[in-house]
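Worksheet: one structure, shown below.
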Amino acid sequence: MRKMALHWQILSGMFLGVVLGAVAATAGHEQFITRWVNPFGVIFMNLLKLIAVPLVFASLVKGVSSLSDITKLSRIGTRTIGIYLTTTVIAVTLGLVFVNVTNPGKSFSPEKRQELQAQYAANVEIGKTGAQGVKDAGPLQFLVDMVPSNFIDAATNNGKMLQVIFFSLLFGIAMVMLPEENTRYVKGFFDGVNDIILKIVDIIMLYAPFGVLALMAGVIVDFSDSLGELFQALGVYSLTVVAGLAVMVLLIYPLILKLFTKVKYGEFFKGIMPAQLLAFSTSSSAATLPVTMERCEEHLGVSKEVSSFVLPVGATINMDGTSLYQAVAAVFIAQAFGYDLHLSDQLTIIMTATLASIGTAAVPGAGLIMLIIVLGGVGVEPEGIALVIAVDRLLDMCRTVVNVTGDATVATVIASTEGKLQPVTEDD
Ligand code: ASP
C-alpha cells in the first residue's frame, strides 16, 4: 500500500484531535483530555524544541564552512534582513488597510469591554511586566543581546537563538580561514552530526500525527465553553486578522515567489505544508524550525548555506503574521476605547509593529505581550490587551503559519537569486 503523504497524515491527526476534543467537551470529560491526552502534545513540542539548537549549530557550521568566499555571507545577510523587513512592513500595512475597512472596535460595547478587562486583569499584569523589560532597554540592547558571553549558556535556551547563530557563524568563518588540513576532521564531524540530526527530525515526524492530535484536542477543550459567545463579541476582529493572514499566504507570498523565482506556488505549498500544519498546531515558529529547515532543504531544494542562515534568523526576527495581527489588534483596541487614530498614529503603528514583531519570541502567545509596546506607541493603555486575550490562542495558531511561510518564502527567494536552489528529486 502506498504511504499517505506527510501532510495528509498530519491533517488526519488534527481532524481526529478536533473530533476527540469536541466529543470529550460535549460529554464533560475535559479533564481526561488535559490529563491523559495533552501530555503527548507537550512531549511532541519538547522533541521539536530539543533538536532546534543542535540543528541550527551543526547546519550553520556546515553551511558557512562550505562557502568558498566569505563576502557571499555578508551579501546573503544584508539581502535577508532587507527582504525580511520589507515583507513585515507589507504585512503591517495590509493589516492596517483591512482593519480600517472593517472597523471592528467601533461597534464593541463598553459593557463587554469592562467585562473582559475584569476577567483578564491578572494576565494583563503578567504581560505588562514582560513588556516593561523591553521598554527599559537602551537602543543598542539588541546588539548586546546577540553576543553571548558563554556558549553553553546560550545553547541551553531556545530563546537565545541569535546568540547560537552568532557563535556558529564565528566558528564557520574561522574554519574557512584556516588551511583545509587543519579542519578536515571537524568538517567530517559536523557533516555526520548534520545527517544524524536530520534523521532525528524524520523520526520525530513519524510521531507528528499523534502529537498534533493531542495538541488539537487540548485546544478544543480549552475553547469549547466560550467559543460561541467569544465569536459574537470578537468575530469581526478575528475575521479581520484571519482575512489579512490569508491574503499574505494566498496572494503576497505567491507574488513574491513569482517575481523572484521560478518555483511554482503549488510545489512550494506542497513542500512546506507539513511545516505550516505544525506551526498551526504548536503556535511556535521556534518549535517548527527543524521541520521548516528540513522541508526547505529536502523538498524545495534550498541549499544548506542559505537555509541554515536564513531560516533560524527568520524564525527569530521575521514575523509577518504577528506584525499584521499586532496592527489589527492595536487599532481594534484603540477603537474600542474610543480613541480616534490619525494618519500619524497609523504610521507609528507601522513602525512599532515592525519592531515589536522583530522582538517577539517565537513561542506561543509572545505576540500578545509585545502588543503592549504597539499600544504604548499610540497612547493606548496596556490594559487594552484584555480585550483580545480570549481569542489569542486561535489567532496565534494562524499567525504562526504565516510567520513560518514567510521565512520559507524568503529562504526560497534568496536561494534562487544566489543560484542555490537545486532541483528536488524526492516526492514526500
Ligand atoms: N507564536 C508566534 C510564533 O511563534 C509568535 C506570536 O505571534 O505570538 O511565531
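Numbering starts fresh at 1 for the residues of each chain in the C-alpha cells, the chains themselves are lettered A, B, ... in the order given, and ligands are numbered from 1 as they appear.
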(request) Fewer than 3 positions away in the same chain doesn't count, so skip those; otherwise give me all residues within 12 Å of Thr360 of chain A, counting only C-alpha atoms, as JSON, numbers by chain. (result) {"A": [130, 131, 134, 159, 284, 285, 286, 314, 315, 316, 317, 318, 319, 320, 321, 322, 323, 326, 352, 353, 354, 355, 356, 357, 363, 364, 365, 366, 367, 368, 369, 370, 371, 372, 373, 374, 400, 403]}
Helix (DSSP H, G or I) call set, DSSP backbone run, segment 63-285 of chain A, as number ranges by chain: A: 63-65, 71-102, 110-119, 121-136, 141-146, 151-155, 158-177, 180-223, 227-260, 265-282, 285
From atom CA of Val401 of chain A to atom CA of Phe280 of chain A the spacing works out at 5.6 Å
Counting only C-alpha atoms and all ligand atoms, the residue among A:Ser344, A:Asn158, A:Gln232, A:Thr261 that lies closest to ligand 1 is A:Asn158
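Atom CA of Ile200 of chain A to atom CA of Ala411 of chain A spans 22.4 Å [interatomic distance, one decimal].
Using only C-alpha atoms, the nearest neighbour of Leu421 of chain A within the list A:Leu278, A:Met397, A:Val302, A:Ile165 is A:Val302.
For Glu294 of chain A, the list of residues within 9 Å, based on only C-alpha atoms and with local chain neighbours fewer than 5 positions off taken out, reads Leu198, Val201, Asp202, Leu289 and His299 of chain A.
Minimum atom-to-atom distances from A:Thr417, A:Gln276, A:Thr348, A:Asn150 to ligand 1 were compared using only C-alpha atoms and all ligand atoms, and the lowest value belongs to A:Gln276.
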Using only C-alpha atoms, the residue out of A:Ile358, A:Ile272, A:Leu213, A:Ala386 with shortest distance to Lys128 of chain A is A:Ala386
